[in-house]
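J.: There's a structure below that I have some questions on.
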Amino acid sequence: MRVLKIELAIVWLIVVAAVVLGELDVIPNGVVVPQSTEEVKLNIAVVALTIIGIPLAIRLFTLNTTKGLRRMNNEEALRSYHIWSIVRIGILCIAAVFSVAVYYLATSVSGMFCALVAFCVSIYCWPSESKISSYLEDVNKE
């Protein structure tokens with residue numbers, strides 16, 4: 001569980017680093033012309049990634065950590081839980097960092113809003129003893 005918390009904290013640091021890079025103008029600010037087709041395309045991509053990516057991350061985790069429980073022992077179940085936690089966190093990280101980049105490139109509020117949504121959903125993914133013990137109980141029931 002401690003490893004999962006560290007991995008999630010690293011994702012949060014990556015998102016914060018993207019914001020810092022944008023503020024330091026390493027990610028160029030306002031390169032995309034406002035109200036241009038490029039800005040619209042970037043905004044559509046950010047919103048689509050957020051709308052599709054977040055439910056996909058949560059659903060993939062749920063499907064892959066509950067469907068095959070009958071054939072797993074505790075060690076395999078914990079390994080599966082860890083792997084799918086990394087996949088879920090990775091999808092959220094990609095969505096958040098891409099959204100931050102679009103925010104700075106296009107100075108569009110929708111980019112930062114989507115980054116904030118992905119970041120808040122990652123808080124939902126914070127591992128706890130109760131979540132993991134509930135998961136292991138499900139494994140043992142099967």
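The chains in the structure tokens are called A, B, ... from first to last as shown; in each chain the residues are counted from 1, and the ligands are counted from 1 in the order shown.
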Taking only residues of range 50-122 of chain A that have an atom at most 6 Å from an atom of range 15-38 of chain A, what is each one's shortest atom pair and its distance in Å to one decimal, using only C-alpha atoms, in chain and number order, as CSV?
T.:
```
residue,atom,partner,partner_atom,distance
A:Val97,CA,A:Val15,CA,5.6
A:Tyr104,CA,A:Asn29,CA,4.8
A:Leu105,CA,A:Gly30,CA,5.0
A:Ala106,CA,A:Val32,CA,4.8
A:Thr107,CA,A:Gly30,CA,5.4
```
J.: Please provide as a PDB file with C-alpha atoms, in the first residue's frame all residues within 8 Å of Ala57 in chain A, with the sequence filter that same-chain residues fewer than 4 positions apart are discarded (counting only C-alpha atoms).
T.:
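Contents of the output file out.pdb:
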```pdb
ATOM      1  CA  GLY A  53     -10.221   8.621 -20.017  1.00  0.00           C
ATOM      2  CA  PHE A  61      -9.551  -1.076 -12.830  1.00  0.00           C
ATOM      3  CA  VAL A  87      -2.743   1.706 -15.223  1.00  0.00           C
ATOM      4  CA  ARG A  88      -5.539   3.772 -13.676  1.00  0.00           C
ATOM      5  CA  ILE A  89      -3.142   6.355 -12.264  1.00  0.00           C
ATOM      6  CA  ILE A  91      -4.377   7.274 -17.564  1.00  0.00           C
ATOM      7  CA  LEU A  92      -5.281  10.033 -15.108  1.00  0.00           C
TER       8      LEU A  92
END
```
J.: Once you count only C-alpha atoms, what closest atom pair and distance in Å to one decimal does each residue of range 17-73 of chain A within 9 Å of range 113-134 of chain A have, with rows by chain and rising residue number, as CSV?
T.:
```
residue,atom,partner,partner_atom,distance
A:Val46,CA,A:Cys114,CA,7.0
A:Val47,CA,A:Cys114,CA,6.6
A:Leu49,CA,A:Cys114,CA,8.9
A:Thr50,CA,A:Cys114,CA,6.2
A:Ile51,CA,A:Cys114,CA,8.9
A:Gly53,CA,A:Ala118,CA,9.0
A:Ile54,CA,A:Ala118,CA,7.0
A:Ile58,CA,A:Cys125,CA,8.9
```
J.: Those residues with C-alpha atoms, as a PDB file, in the first residue's frame please?
T.:
```pdb
ATOM      1  CA  VAL A  46      -8.744  17.673 -23.908  1.00  0.00           C
ATOM      2  CA  VAL A  47     -12.434  17.343 -23.148  1.00  0.00           C
ATOM      3  CA  LEU A  49      -9.644  12.650 -23.206  1.00  0.00           C
ATOM      4  CA  THR A  50     -11.153  13.684 -19.882  1.00  0.00           C
ATOM      5  CA  ILE A  51     -14.656  12.413 -20.634  1.00  0.00           C
ATOM      6  CA  GLY A  53     -10.221   8.621 -20.017  1.00  0.00           C
ATOM      7  CA  ILE A  54     -11.546   9.029 -16.490  1.00  0.00           C
ATOM      8  CA  ILE A  58     -12.011   3.530 -13.294  1.00  0.00           C
TER       9      ILE A  58
END
```
J.: Quick one, how far is CA of Gly90 in chain A from CA of Lys41 in chain A?
T.: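 That distance, rounded to one decimal, is 23.3 Å.
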J.: Would you work out the distance separating CA of Lys5 in chain A from CA of Met112 in chain A, expressed in Å to one decimal?
T.: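 Distance reported for this atom pair: 24.2 Å.
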J.: Please provide as an mmCIF file with all heavy atoms, in the first residue's frame all residues within 9 Å of His82 in chain A, with the sequence filter that same-chain residues fewer than 3 positions apart are discarded (counting only C-alpha atoms).
T.:
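Saved to selection36.cif:
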```cif
data_model
loop_
_atom_site.group_PDB
_atom_site.id
_atom_site.type_symbol
_atom_site.label_atom_id
_atom_site.label_comp_id
_atom_site.auth_asym_id
_atom_site.auth_seq_id
_atom_site.Cartn_x
_atom_site.Cartn_y
_atom_site.Cartn_z
ATOM 1 N N MET A 1 0.832 -1.189 0.000
ATOM 2 C CA MET A 1 0.000 0.000 0.000
ATOM 3 C C MET A 1 0.873 1.246 0.000
ATOM 4 O O MET A 1 0.531 2.234 -0.642
ATOM 5 C CB MET A 1 -0.932 -0.008 1.206
ATOM 6 C CG MET A 1 -1.835 1.187 1.215
ATOM 7 S SD MET A 1 -3.065 1.213 2.476
ATOM 8 C CE MET A 1 -2.097 1.603 3.886
ATOM 9 N N VAL A 3 3.717 1.643 -1.404
ATOM 10 C CA VAL A 3 4.228 1.843 -2.762
ATOM 11 C C VAL A 3 3.180 2.554 -3.624
ATOM 12 O O VAL A 3 3.512 3.466 -4.393
ATOM 13 C CB VAL A 3 4.632 0.492 -3.388
ATOM 14 C CG1 VAL A 3 5.012 0.648 -4.837
ATOM 15 C CG2 VAL A 3 5.767 -0.135 -2.606
ATOM 16 N N LEU A 4 1.925 2.152 -3.485
ATOM 17 C CA LEU A 4 0.854 2.809 -4.254
ATOM 18 C C LEU A 4 0.731 4.282 -3.886
ATOM 19 O O LEU A 4 0.523 5.134 -4.762
ATOM 20 C CB LEU A 4 -0.478 2.104 -4.007
ATOM 21 C CG LEU A 4 -0.674 0.755 -4.672
ATOM 22 C CD1 LEU A 4 -1.979 0.122 -4.200
ATOM 23 C CD2 LEU A 4 -0.654 0.891 -6.167
ATOM 24 N N ALA A 77 -3.559 -11.631 -6.313
ATOM 25 C CA ALA A 77 -4.585 -10.587 -6.243
ATOM 26 C C ALA A 77 -3.960 -9.231 -5.935
ATOM 27 O O ALA A 77 -4.312 -8.219 -6.548
ATOM 28 C CB ALA A 77 -5.625 -10.937 -5.190
ATOM 29 N N LEU A 78 -3.018 -9.211 -5.004
ATOM 30 C CA LEU A 78 -2.345 -7.947 -4.687
ATOM 31 C C LEU A 78 -1.522 -7.446 -5.878
ATOM 32 O O LEU A 78 -1.482 -6.242 -6.145
ATOM 33 C CB LEU A 78 -1.448 -8.113 -3.465
ATOM 34 C CG LEU A 78 -2.172 -8.109 -2.129
ATOM 35 C CD1 LEU A 78 -1.206 -8.425 -1.003
ATOM 36 C CD2 LEU A 78 -2.854 -6.772 -1.887
ATOM 37 N N ARG A 79 -0.885 -8.346 -6.582
ATOM 38 C CA ARG A 79 -0.115 -7.960 -7.763
ATOM 39 C C ARG A 79 -1.046 -7.379 -8.823
ATOM 40 O O ARG A 79 -0.748 -6.352 -9.439
ATOM 41 C CB ARG A 79 0.644 -9.163 -8.308
ATOM 42 C CG ARG A 79 1.727 -8.782 -9.278
ATOM 43 C CD ARG A 79 2.643 -9.935 -9.653
ATOM 44 N NE ARG A 79 2.686 -10.946 -8.611
ATOM 45 C CZ ARG A 79 2.559 -12.242 -8.836
ATOM 46 N NH1 ARG A 79 2.399 -12.694 -10.051
ATOM 47 N NH2 ARG A 79 2.596 -13.108 -7.850
ATOM 48 N N SER A 85 -3.844 -0.542 -10.593
ATOM 49 C CA SER A 85 -3.773 0.788 -9.971
ATOM 50 C C SER A 85 -2.821 1.680 -10.755
ATOM 51 O O SER A 85 -3.095 2.863 -10.973
ATOM 52 C CB SER A 85 -3.307 0.687 -8.518
ATOM 53 O OG SER A 85 -4.285 0.090 -7.725
ATOM 54 N N ILE A 86 -1.703 1.108 -11.183
ATOM 55 C CA ILE A 86 -0.739 1.873 -11.975
ATOM 56 C C ILE A 86 -1.354 2.282 -13.312
ATOM 57 O O ILE A 86 -1.185 3.424 -13.762
ATOM 58 C CB ILE A 86 0.553 1.060 -12.184
ATOM 59 C CG1 ILE A 86 1.301 0.918 -10.864
ATOM 60 C CG2 ILE A 86 1.457 1.711 -13.233
ATOM 61 C CD1 ILE A 86 2.474 -0.035 -10.916
ATOM 62 N N VAL A 87 -2.084 1.379 -13.949
ATOM 63 C CA VAL A 87 -2.743 1.706 -15.223
ATOM 64 C C VAL A 87 -3.734 2.846 -15.010
ATOM 65 O O VAL A 87 -3.752 3.819 -15.777
ATOM 66 C CB VAL A 87 -3.448 0.462 -15.814
ATOM 67 C CG1 VAL A 87 -4.348 0.836 -16.987
ATOM 68 C CG2 VAL A 87 -2.427 -0.577 -16.225
#
```
